[in-house]
>>> print(open('data16.tsv').read())   # TSV, C-alpha atoms
chain	number	residue	atom	x	y	z
G	1	MET	CA	10.70	-27.06	-6.42
G	2	ALA	CA	7.11	-27.18	-5.17
G	3	ASP	CA	4.38	-26.22	-7.58
G	4	LEU	CA	3.36	-22.75	-6.40
G	5	LYS	CA	0.06	-23.07	-8.23
G	6	GLU	CA	-1.01	-25.76	-5.72
G	7	HIS	CA	-1.29	-23.47	-2.69
G	8	ALA	CA	-3.87	-23.33	0.10
G	9	SER	CA	-4.62	-19.70	-0.71
G	10	ARG	CA	-6.24	-20.87	-3.95
G	11	ASP	CA	-8.77	-22.90	-1.98
G	12	MET	CA	-9.67	-19.69	-0.10
G	13	GLY	CA	-10.44	-17.89	-3.34
G	14	MET	CA	-7.52	-15.47	-3.05
G	15	HIS	CA	-6.22	-16.08	-6.57
G	16	SER	CA	-9.27	-15.45	-8.71
G	17	GLU	CA	-7.94	-14.06	-11.97
G	18	GLN	CA	-10.62	-11.58	-13.03
G	19	LEU	CA	-8.87	-9.90	-15.93
G	20	LYS	CA	-9.39	-11.31	-19.40
G	21	GLY	CA	-6.59	-12.14	-21.79
G	22	ARG	CA	-3.06	-13.10	-20.78
G	23	THR	CA	-2.61	-13.73	-17.07
G	24	GLN	CA	-0.55	-11.30	-14.99
G	25	GLU	CA	0.52	-14.00	-12.51
G	26	ARG	CA	4.22	-14.83	-12.57
G	27	PHE	CA	6.04	-17.81	-11.09
G	28	PHE	CA	9.82	-18.10	-10.78
G	29	SER	CA	12.13	-21.05	-11.12
G	30	SER	CA	14.96	-21.84	-8.69
G	31	GLU	CA	17.25	-21.86	-11.73
G	32	GLU	CA	16.71	-18.10	-12.04
G	33	GLY	CA	18.25	-17.36	-8.66
G	34	GLU	CA	20.58	-14.70	-10.00
G	35	ASN	CA	17.53	-12.65	-11.01
G	36	PHE	CA	16.12	-12.53	-7.47
G	37	PHE	CA	18.55	-9.81	-6.36
G	38	GLN	CA	18.60	-6.14	-7.27
G	39	PRO	CA	21.52	-3.73	-7.47
G	40	PHE	CA	22.17	-1.91	-4.18
G	41	ALA	CA	20.51	-4.68	-2.17
G	42	TYR	CA	22.57	-5.67	0.87
G	43	GLU	CA	22.88	-8.76	3.07
G	44	VAL	CA	21.94	-7.59	6.56
G	45	ASP	CA	21.62	-9.16	10.01
G	46	PHE	CA	18.44	-8.22	11.93
G	47	ASN	CA	20.27	-8.89	15.20
G	48	LYS	CA	22.84	-6.24	14.33
G	49	SER	CA	21.26	-2.93	15.36
G	50	THR	CA	22.25	0.72	15.58
G	51	GLU	CA	20.82	4.25	15.57
G	52	PHE	CA	21.89	7.69	14.41
G	53	ASP	CA	20.78	11.29	14.93
G	54	ALA	CA	19.57	12.99	11.74
G	55	GLU	CA	19.03	16.46	13.23
G	56	GLU	CA	22.13	17.98	11.61
G	57	LEU	CA	21.91	15.98	8.39
G	58	GLU	CA	20.21	16.94	5.13
G	59	THR	CA	18.26	14.47	3.01
G	60	LYS	CA	21.26	13.14	1.06
G	61	GLY	CA	23.28	12.73	4.24
G	62	ILE	CA	20.52	10.71	5.90
G	63	ASN	CA	20.07	8.41	2.92
G	64	ASP	CA	23.84	7.98	2.51
G	65	LYS	CA	24.13	7.08	6.19
G	66	LEU	CA	21.36	4.49	5.83
G	67	ARG	CA	23.06	2.97	2.80
G	68	ASP	CA	26.44	2.81	4.56
G	69	LEU	CA	24.91	1.09	7.60
G	70	MET	CA	23.10	-1.47	5.45
G	71	LYS	CA	26.31	-2.09	3.52
G	72	ALA	CA	28.01	-2.76	6.87
G	73	GLY	CA	25.37	-5.42	7.61
G	74	TYR	CA	23.08	-3.59	10.03
G	75	GLY	CA	19.57	-5.04	9.75
G	76	SER	CA	17.85	-2.96	12.45
G	77	ILE	CA	18.30	0.81	12.23
G	78	ARG	CA	16.67	3.65	14.18
G	79	ILE	CA	16.66	7.24	12.91
G	80	LEU	CA	16.40	9.92	15.60
G	81	ASN	CA	15.17	13.47	14.93
G	82	PRO	CA	14.29	13.10	11.23
G	83	GLY	CA	12.81	16.60	11.34
G	84	ALA	CA	10.08	15.98	8.73
G	85	LYS	CA	12.67	16.16	5.96
G	86	HIS	CA	11.61	15.11	2.47
G	87	SER	CA	12.49	11.97	0.46
G	88	ILE	CA	13.90	10.04	3.41
G	89	ALA	CA	14.60	6.28	3.22
G	90	VAL	CA	13.75	5.88	-0.46
G	91	GLY	CA	14.84	3.07	-2.76
G	92	ILE	CA	15.61	0.45	-0.07
G	93	LEU	CA	15.68	-2.84	-1.96
G	94	ASN	CA	16.42	-5.36	0.80
G	95	ARG	CA	14.96	-6.61	4.07
G	96	LEU	CA	15.46	-4.16	6.93
G	97	ASN	CA	13.86	-3.21	10.24
G	98	LEU	CA	13.71	0.59	10.11
G	99	ASP	CA	12.34	2.64	13.01
G	100	ILE	CA	11.86	6.38	12.42
G	101	ALA	CA	11.45	8.23	15.72
G	102	GLY	CA	9.62	11.26	14.37
G	103	SER	CA	7.86	12.55	11.26
G	104	LEU	CA	8.70	12.58	7.56
G	105	GLY	CA	8.05	15.18	4.87
G	106	TYR	CA	7.03	14.64	1.24
G	107	PHE	CA	7.87	11.50	-0.77
G	108	GLY	CA	9.20	9.52	2.19
G	109	LEU	CA	9.74	5.75	1.91
G	110	GLY	CA	9.26	5.63	-1.85
G	111	LEU	CA	10.30	2.71	-4.06
G	112	LEU	CA	10.62	0.24	-1.19
G	113	ASP	CA	11.11	-3.46	-1.89
G	114	GLY	CA	11.32	-5.48	1.31
G	115	PRO	CA	11.89	-3.40	4.47
G	116	ASN	CA	9.62	-3.25	7.52
G	117	VAL	CA	9.27	0.41	8.53
G	118	HIS	CA	7.71	2.02	11.60
G	119	VAL	CA	7.15	5.79	11.71
G	120	ALA	CA	6.31	7.19	15.15
G	121	GLY	CA	4.98	10.50	13.77
G	122	ARG	CA	3.19	11.62	10.63
G	123	VAL	CA	4.15	11.67	6.94
G	124	GLY	CA	3.63	14.15	4.09
G	125	TRP	CA	2.43	13.72	0.53
G	126	SER	CA	3.08	10.57	-1.50
G	127	CYS	CA	4.36	8.34	1.28
G	128	ALA	CA	5.51	4.91	0.05
G	129	GLU	CA	4.90	5.74	-3.60
G	130	ASN	CA	5.59	2.73	-5.86
G	131	MET	CA	6.16	0.41	-2.90
G	132	MET	CA	6.85	-3.15	-4.05
G	133	ALA	CA	7.07	-5.27	-0.88
G	134	GLY	CA	7.44	-5.05	2.88
G	135	THR	CA	5.40	-3.20	5.52
G	136	VAL	CA	5.07	0.47	6.47
G	137	LEU	CA	3.24	1.47	9.66
G	138	ILE	CA	2.47	5.16	10.33
G	139	GLU	CA	1.29	5.98	13.85
G	140	LYS	CA	-0.28	9.37	13.08
G	141	ASN	CA	-1.70	11.07	9.96
G	142	ALA	CA	-0.57	11.11	6.31
G	143	GLY	CA	-0.87	13.59	3.45
G	144	SER	CA	-2.42	13.22	0.02
G	145	THR	CA	-1.60	10.50	-2.54
G	146	PHE	CA	-0.78	8.07	0.25
G	147	GLY	CA	0.46	4.85	-1.37
G	148	ALA	CA	0.30	6.11	-4.96
G	149	ALA	CA	0.89	3.31	-7.48
G	150	ILE	CA	1.94	0.72	-4.89
G	151	ARG	CA	2.33	-2.83	-6.19
G	152	GLY	CA	2.75	-4.91	-3.04
G	153	GLY	CA	3.20	-5.05	0.71
G	154	ASP	CA	1.13	-3.56	3.53
G	155	LEU	CA	0.91	0.23	3.91
G	156	VAL	CA	-0.84	1.22	7.14
G	157	CYS	CA	-1.73	4.63	8.59
G	158	LYS	CA	-3.44	4.54	11.98
G	159	GLY	CA	-4.67	8.11	11.57
G	160	SER	CA	-6.39	9.89	8.69
G	161	VAL	CA	-5.04	10.52	5.19
G	162	GLY	CA	-5.57	13.13	2.46
G	163	ALA	CA	-7.05	12.98	-1.01
G	164	ARG	CA	-6.24	10.48	-3.77
G	165	THR	CA	-5.16	7.70	-1.46
G	166	GLY	CA	-4.00	4.70	-3.48
G	167	ILE	CA	-4.25	6.50	-6.82
G	168	ASP	CA	-3.31	4.02	-9.57
G	169	GLN	CA	-2.88	1.23	-6.99
G	170	LYS	CA	-1.58	-1.91	-8.72
G	171	GLY	CA	-1.47	-4.36	-5.80
G	172	GLY	CA	-0.73	-4.72	-2.11
G	173	THR	CA	-2.88	-3.51	0.76
G	174	ILE	CA	-3.53	0.02	2.04
G	175	ILE	CA	-5.11	0.34	5.50
G	176	VAL	CA	-6.33	3.64	6.98
G	177	GLY	CA	-7.47	3.76	10.59
G	178	GLY	CA	-9.25	7.11	10.19
G	179	ASP	CA	-10.76	8.96	7.24
G	180	THR	CA	-9.62	9.34	3.64
G	181	GLY	CA	-10.11	12.29	1.27
G	182	ALA	CA	-11.63	12.73	-2.19
G	183	PHE	CA	-10.81	10.51	-5.17
G	184	SER	CA	-9.31	7.73	-3.08
G	185	GLY	CA	-8.83	4.61	-5.19
G	186	PHE	CA	-8.80	6.70	-8.37
G	187	MET	CA	-7.88	4.47	-11.35
G	188	MET	CA	-7.24	1.55	-9.00
G	189	GLN	CA	-6.13	-1.56	-10.89
G	190	ARG	CA	-5.52	-4.26	-8.29
G	191	GLY	CA	-5.04	-4.80	-4.57
G	192	ARG	CA	-7.16	-3.92	-1.54
G	193	MET	CA	-7.84	-0.68	0.31
G	194	VAL	CA	-9.34	-0.66	3.80
G	195	VAL	CA	-10.63	2.58	5.36
G	196	LEU	CA	-12.10	2.26	8.84
G	197	GLY	CA	-13.45	5.82	8.87
G	198	ASP	CA	-15.25	7.94	6.28
G	199	ALA	CA	-14.41	8.39	2.59
G	200	GLY	CA	-14.59	11.65	0.62
G	201	GLN	CA	-16.31	12.23	-2.68
G	202	ASN	CA	-15.69	10.22	-5.86
G	203	LEU	CA	-14.44	7.11	-4.11
G	204	GLY	CA	-13.02	4.56	-6.56
G	205	ASP	CA	-13.45	6.85	-9.55
G	206	SER	CA	-12.56	5.01	-12.79
G	207	MET	CA	-11.28	1.99	-10.87
G	208	TYR	CA	-10.48	-0.92	-13.17
G	209	ASP	CA	-10.25	-3.68	-10.58
G	210	GLY	CA	-9.39	-4.26	-6.93
G	211	THR	CA	-11.51	-3.91	-3.79
G	212	ILE	CA	-12.19	-1.05	-1.39
G	213	TYR	CA	-13.65	-1.59	2.10
G	214	ILE	CA	-15.14	1.39	3.98
G	215	GLY	CA	-16.15	1.31	7.65
G	216	GLY	CA	-17.80	4.76	7.83
G	217	THR	CA	-19.82	6.85	5.41
G	218	ILE	CA	-19.05	7.48	1.73
G	219	LYS	CA	-19.67	11.03	0.50
G	220	SER	CA	-20.08	9.80	-3.08
G	221	LEU	CA	-18.93	7.04	-5.42
G	222	GLY	CA	-16.90	7.86	-8.51
G	223	VAL	CA	-17.48	6.77	-12.10
G	224	ASP	CA	-17.93	2.99	-12.45
G	225	ALA	CA	-17.56	2.31	-8.71
G	226	VAL	CA	-20.37	0.16	-7.32
G	227	GLU	CA	-21.20	-1.49	-4.00
G	228	GLU	CA	-21.01	-5.27	-3.77
G	229	GLU	CA	-22.21	-7.62	-1.06
G	230	MET	CA	-19.68	-8.62	1.59
G	231	THR	CA	-18.81	-12.33	1.69
G	232	GLU	CA	-17.57	-14.57	4.49
G	233	LEU	CA	-14.17	-14.58	2.78
G	234	ASP	CA	-14.07	-10.76	2.87
G	235	ILE	CA	-14.92	-10.71	6.57
G	236	ALA	CA	-12.36	-13.39	7.47
G	237	TRP	CA	-9.63	-11.64	5.47
G	238	LEU	CA	-10.39	-8.25	7.09
G	239	ASP	CA	-10.37	-9.73	10.59
G	240	ARG	CA	-6.98	-11.38	10.05
G	241	LYS	CA	-5.37	-8.39	8.34
G	242	LEU	CA	-6.60	-5.75	10.79
G	243	GLU	CA	-5.60	-7.85	13.79
G	244	LEU	CA	-1.99	-7.77	12.57
G	245	TYR	CA	-1.89	-4.02	13.20
G	246	GLY	CA	-4.11	-3.78	16.27
G	247	LEU	CA	-7.01	-2.28	14.32
G	248	SER	CA	-10.69	-3.13	14.02
G	249	ALA	CA	-13.85	-1.74	12.44
G	250	SER	CA	-16.17	-0.02	14.91
G	251	GLY	CA	-19.11	-2.21	13.94
G	252	GLY	CA	-17.05	-5.27	13.07
G	253	SER	CA	-15.75	-6.25	9.64
G	254	LYS	CA	-19.15	-7.53	8.56
G	255	SER	CA	-20.57	-3.99	8.82
G	256	MET	CA	-18.15	-2.54	6.28
G	257	GLN	CA	-19.13	-1.56	2.74
G	258	LYS	CA	-17.41	-3.25	-0.18
G	259	ILE	CA	-16.76	-1.19	-3.32
G	260	VAL	CA	-15.63	-2.73	-6.62
G	261	SER	CA	-15.50	-1.81	-10.30
G	262	GLY	CA	-18.74	-1.95	-12.25
G	263	LYS	CA	-16.58	-2.82	-15.28
G	264	GLN	CA	-18.46	-0.46	-17.58
G	265	LEU	CA	-15.21	1.27	-18.55
G	266	TRP	CA	-13.42	-1.93	-19.55
G	267	ASN	CA	-14.68	-1.55	-23.12
G	268	TYR	CA	-14.93	2.23	-23.08
G	269	ASP	CA	-13.72	2.65	-26.69
G	270	ASN	CA	-16.58	0.47	-27.93
G	271	LEU	CA	-19.30	2.60	-26.36
G	272	GLU	CA	-21.52	4.83	-28.43
G	273	PRO	CA	-21.08	8.59	-27.86
G	274	THR	CA	-24.36	8.80	-25.94
G	275	GLU	CA	-23.29	5.94	-23.69
G	276	LYS	CA	-19.96	7.63	-22.99
G	277	LYS	CA	-21.79	10.72	-21.79
G	278	LEU	CA	-23.78	8.58	-19.35
G	279	VAL	CA	-20.61	6.94	-18.03
G	280	LEU	CA	-18.78	10.24	-17.56
>>> encode(input="data16.tsv", output="structure tokens")
Amino acid sequence: MADLKEHASRDMGMHSEQLKGRTQERFFSSEEGENFFQPFAYEVDFNKSTEFDAEELETKGINDKLRDLMKAGYGSIRILNPGAKHSIAVGILNRLNLDIAGSLGYFGLGLLDGPNVHVAGRVGWSCAENMMAGTVLIEKNAGSTFGAAIRGGDLVCKGSVGARTGIDQKGGTIIVGGDTGAFSGFMMQRGRMVVLGDAGQNLGDSMYDGTIYIGGTIKSLGVDAVEEEMTELDIAWLDRKLELYGLSASGGSKSMQKIVSGKQLWNYDNLEPTEKKLVL
């Protein structure tokens, strides 16, 4: 098995381990193959496609139908008339092409690990919460806590999103084509957030690590969030990533602002009481 630590991405600076102490990087051995699969993950064929009408179905019926189709080997599924119902298409743990011809309610697409999802409409609160891998593309707007605690994959909204976008983000990439609300990036730990429009107040409040890119104006920065100079690597990465979804910054990627952690809260418990007051 090839040594995954000898990868071209390292030469590009994409694997800089900033956190001190024990590394959080993990590499798997081919001998652990039985651990690569999760319960309720199905072998599907992308060339085997189908669709169903969800207008008369409740949430459980829609999710049961999805599970039955995946179990039957369908790898490309289209849901018609989802009716903005809540908690749709959650807990999908295998590769899947899922097209939702409409809008979703609260907590849609949560706990995903692998599927590629396209939503033609809008989504409610907490879309793609705890997403692990795959892609989610929303054509219109999204509610608050968009991408809460995601760990991997690409989560893209071409419109605007509500407050607390990417709260407790642990990895992956969140891309917003419009504006984002207050406290976006709150307690961010890892990953990247890209907002092509404006950001509300307290951006990146208490962020521990990770990077936020803003194309418009920032109402205010949160505690321990600071601006850092854009690099050629940042610009190249933004250009490649945005091109994948047909997006671009109005003034070009080089005009965006880069926000990172000031790392003053890393040793918060060691601060003197007067210093804590200054931080907070």
>>> atom_distance(input="data16.tsv", atom1="atom CA of G:Leu96", atom2="atom CA of G:Asn130")
17.6 Å
>>> atom_distance(input="data16.tsv", atom1="atom CA of G:Phe46", atom2="atom CA of G:Leu104")
23.4 Å
>>> closest_residue(input="data16.tsv", among="G:Ile62, G:Leu57, G:Ile77, G:Ile214", to="G:Asp45", atoms="all atoms listed in the file")
G:Ile77
>>> atom_distance(input="data16.tsv", atom1="atom CA of G:Asp113", atom2="atom CA of G:Ala163")
24.5 Å
>>> closest_atom_pairs(input="data16.tsv", of="stretch 218-278 of chain G", to="stretch 183-204 of chain G", cutoff="9 Å", atoms="all atoms listed in the file", output="CSV")
residue,atom,partner,partner_atom,distance
G:Ile218,CA,G:Ala199,CA,4.8
G:Lys219,CA,G:Gln201,CA,4.8
G:Ser220,CA,G:Gln201,CA,4.5
G:Leu221,CA,G:Asn202,CA,4.6
G:Gly222,CA,G:Asn202,CA,3.7
G:Val223,CA,G:Asn202,CA,7.4
G:Asp224,CA,G:Gly204,CA,7.8
G:Ala225,CA,G:Gly204,CA,5.5
G:Val226,CA,G:Gly204,CA,8.6
G:Leu238,CA,G:Val194,CA,8.3
G:Leu247,CA,G:Leu196,CA,8.7
G:Ser248,CA,G:Leu196,CA,7.6
G:Ala249,CA,G:Leu196,CA,5.7
G:Ser250,CA,G:Leu196,CA,7.7
G:Met256,CA,G:Leu196,CA,8.1
G:Ile259,CA,G:Gly204,CA,7.6
G:Val260,CA,G:Gly204,CA,7.7
G:Ser261,CA,G:Gly204,CA,7.8
